[in-house]
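Containing compact mmCIF, C-alpha atoms: work-v8.txt.
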```
# COMPACT_ATOMS: atom_id res chain seq x y z
CA MET D 1110 137.35 108.26 109.88
CA ASN D 1111 135.78 111.63 110.61
CA THR D 1112 133.79 111.54 107.37
CA ARG D 1113 132.55 108.05 108.18
CA ASN D 1114 131.35 109.16 111.62
CA ARG D 1115 129.54 112.12 110.10
CA PHE D 1116 127.91 109.91 107.48
CA ALA D 1117 126.82 107.36 110.10
CA GLY D 1118 125.42 110.12 112.33
CA LEU D 1119 123.57 111.71 109.43
CA LEU D 1120 122.14 108.36 108.37
CA ALA D 1121 120.99 107.58 111.92
CA ALA D 1122 119.34 111.00 112.20
CA VAL D 1123 117.50 110.62 108.88
CA MET D 1124 116.20 107.16 109.80
CA ALA D 1125 115.13 108.30 113.27
CA LEU D 1126 113.29 111.31 111.86
CA GLY D 1127 111.58 109.07 109.32
CA VAL D 1128 110.27 106.79 112.04
CA LEU D 1129 109.28 109.62 114.36
CA ALA D 1130 107.49 111.48 111.59
CA LEU D 1131 105.00 108.66 111.08
CA PRO D 1132 101.61 109.98 112.10
CA ILE D 1133 99.64 107.97 114.60
CA THR D 1134 96.28 106.69 113.41
CA ALA D 1135 93.48 108.18 115.48
CA SER D 1136 90.75 105.84 116.64
CA ALA D 1137 88.06 108.21 115.34
CA GLN D 1138 89.08 107.65 111.72
CA SER D 1139 86.92 105.69 109.35
CA LEU D 1140 88.14 102.34 108.06
CA GLY D 1141 88.87 103.95 104.69
CA GLN D 1142 91.06 106.58 106.31
CA GLN D 1143 92.80 103.93 108.42
CA SER D 1144 93.53 101.88 105.32
CA SER D 1145 94.91 104.92 103.52
CA GLN D 1146 97.11 105.80 106.50
CA ARG D 1147 98.37 102.21 106.74
CA GLN D 1148 99.30 102.33 103.03
CA LYS D 1149 101.38 105.46 103.65
CA GLN D 1150 103.13 103.78 106.58
CA LYS D 1151 103.79 100.69 104.47
CA ASN D 1152 105.39 102.84 101.79
CA THR D 1153 107.57 104.58 104.38
CA TRP D 1154 108.81 101.28 105.80
CA ARG D 1155 109.48 99.94 102.30
CA ASN D 1156 111.51 103.04 101.43
CA LEU D 1157 113.48 102.78 104.68
CA ALA D 1158 114.24 99.15 103.80
CA TYR D 1159 115.61 100.27 100.44
CA GLY D 1160 117.75 102.86 102.21
CA GLY D 1161 119.07 100.29 104.68
CA ALA D 1162 119.89 97.91 101.84
CA ALA D 1163 121.73 100.70 100.04
CA VAL D 1164 123.79 101.40 103.17
CA ALA D 1165 124.58 97.68 103.49
CA ILE D 1166 125.73 97.53 99.87
CA TYR D 1167 127.82 100.66 100.38
CA GLY D 1168 129.38 99.00 103.42
CA LEU D 1169 130.19 95.91 101.37
CA LEU D 1170 131.82 98.00 98.66
CA LYS D 1171 133.89 99.95 101.20
CA LYS D 1172 134.60 96.77 103.23
CA ASP D 1173 133.19 98.40 106.36
CA LYS D 1174 131.56 95.81 108.62
CA MET D 1175 129.72 98.39 110.76
CA LEU D 1176 127.96 99.98 107.78
CA THR D 1177 127.17 96.57 106.32
CA LEU D 1178 125.70 95.19 109.53
CA GLY D 1179 123.91 98.43 110.40
CA GLY D 1180 122.37 98.71 106.95
CA ALA D 1181 121.35 95.06 106.92
CA ALA D 1182 119.80 95.33 110.38
CA GLY D 1183 117.92 98.49 109.39
CA ALA D 1184 116.66 96.87 106.21
CA GLY D 1185 115.59 93.74 108.07
CA TYR D 1186 113.69 95.66 110.72
CA SER D 1187 112.03 97.86 108.11
CA LEU D 1188 110.90 94.79 106.17
CA TYR D 1189 109.51 93.29 109.38
CA ARG D 1190 107.50 96.46 110.07
CA TYR D 1191 106.38 96.59 106.43
CA GLU D 1192 104.99 93.07 106.75
CA GLN D 1193 103.19 93.96 109.99
CA ASP D 1194 101.57 96.99 108.35
CA ARG D 1195 100.64 94.88 105.32
CA LYS D 1196 98.81 92.40 107.55
CA SER D 1197 97.13 95.20 109.48
CA GLN D 1198 95.96 96.88 106.28
CA SER D 1199 94.60 93.56 105.05
CA LYS D 1200 92.52 93.20 108.24
CA ILE D 1201 91.20 96.74 107.86
CA ASP D 1202 90.32 96.15 104.20
CA ASN D 1203 88.55 92.89 105.06
CA ALA D 1204 86.58 94.69 107.75
CA ARG D 1205 85.52 97.27 105.18
CA ARG D 1206 84.72 94.65 102.56
CA TYR D 1207 82.69 92.30 104.73
CA GLY D 1208 80.95 94.90 106.85
CA ARG D 1209 82.50 94.29 110.22
CA TYR D 1210 82.10 97.25 112.50
CA SER D 1211 79.08 98.14 110.42
CA ARG D 1212 76.23 100.06 112.00
CA ARG D 1213 73.69 97.65 110.55
CA ARG D 1214 72.71 94.77 112.81
```

As structure tokens, what does this structure read like?
Amino acid sequence: MNTRNRFAGLLAAVMALGVLALPITASAQSLGQQSSQRQKQKNTWRNLAYGGAAVAIYGLLKKDKMLTLGGAAGAGYSLYRYEQDRKSQSKIDNARRYGRYSRRR
């Protein structure tokens, strides 16, 4: 039981640090820099989803409902955020491609 609590605490700390470590996009960045930053955030969310899925599978193997549900919830939320960043990056790339926010008028 003590090992399980330590593992759960360590997992929660790693996931929290991963989310908190995401840099915030500054408004003064160019569209190219924003797109690059969004790609990095997408990759982070995708990797967190893989980690959550791994925890869920571990919970299934150990027949631990808390790990299974926690891992599945973490994976689901990470996939949701990944999709949001994917859509946001698509909008930024379209703005770059079609010249929105261009200085030409």

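Of the residues listed (D:Ala1163, D:Leu1188, D:Leu1176, D:Ile1201), D:Leu1176 shows the shortest atom-to-atom separation from Asn1114 in chain D; distances use only C-alpha atoms.
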
**Request:** Give as a list of chain:residue names every residue, naming chains and numbers as the document does, that has an atom within 12 Å of (134.8, 108.5, 107.4), counting all atoms listed in the file.
**Result:** D:Met1110, D:Asn1111, D:Thr1112, D:Arg1113, D:Asn1114, D:Arg1115, D:Phe1116, D:Ala1117, D:Gly1118, D:Leu1119, D:Gly1168, D:Lys1171, D:Asp1173, D:Met1175, D:Leu1176

**Request:** For range 1158-1161 of chain D, work out the shell of residues within 12 Å, counting only C-alpha atoms and skipping chain neighbours fewer than 2 positions away, then give it as a PyMOL selection string.
**Result:** chain D and resi 1117+1120-1121+1123-1124+1127-1128+1151-1156+1163-1168+1176-1192

**Request:** In Å, rounded to a single decimal, give me how far CA of Leu1157 in chain D is from CA of Leu1140 in chain D.
**Result:** 25.6 Å

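CA of Ser1145 in chain D to CA of Ala1162 in chain D spans 26.0 Å [interatomic distance, one decimal].
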
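Relative to CA of Arg1147 in chain D, CA of Ser1197 in chain D is found at 7.6 Å.
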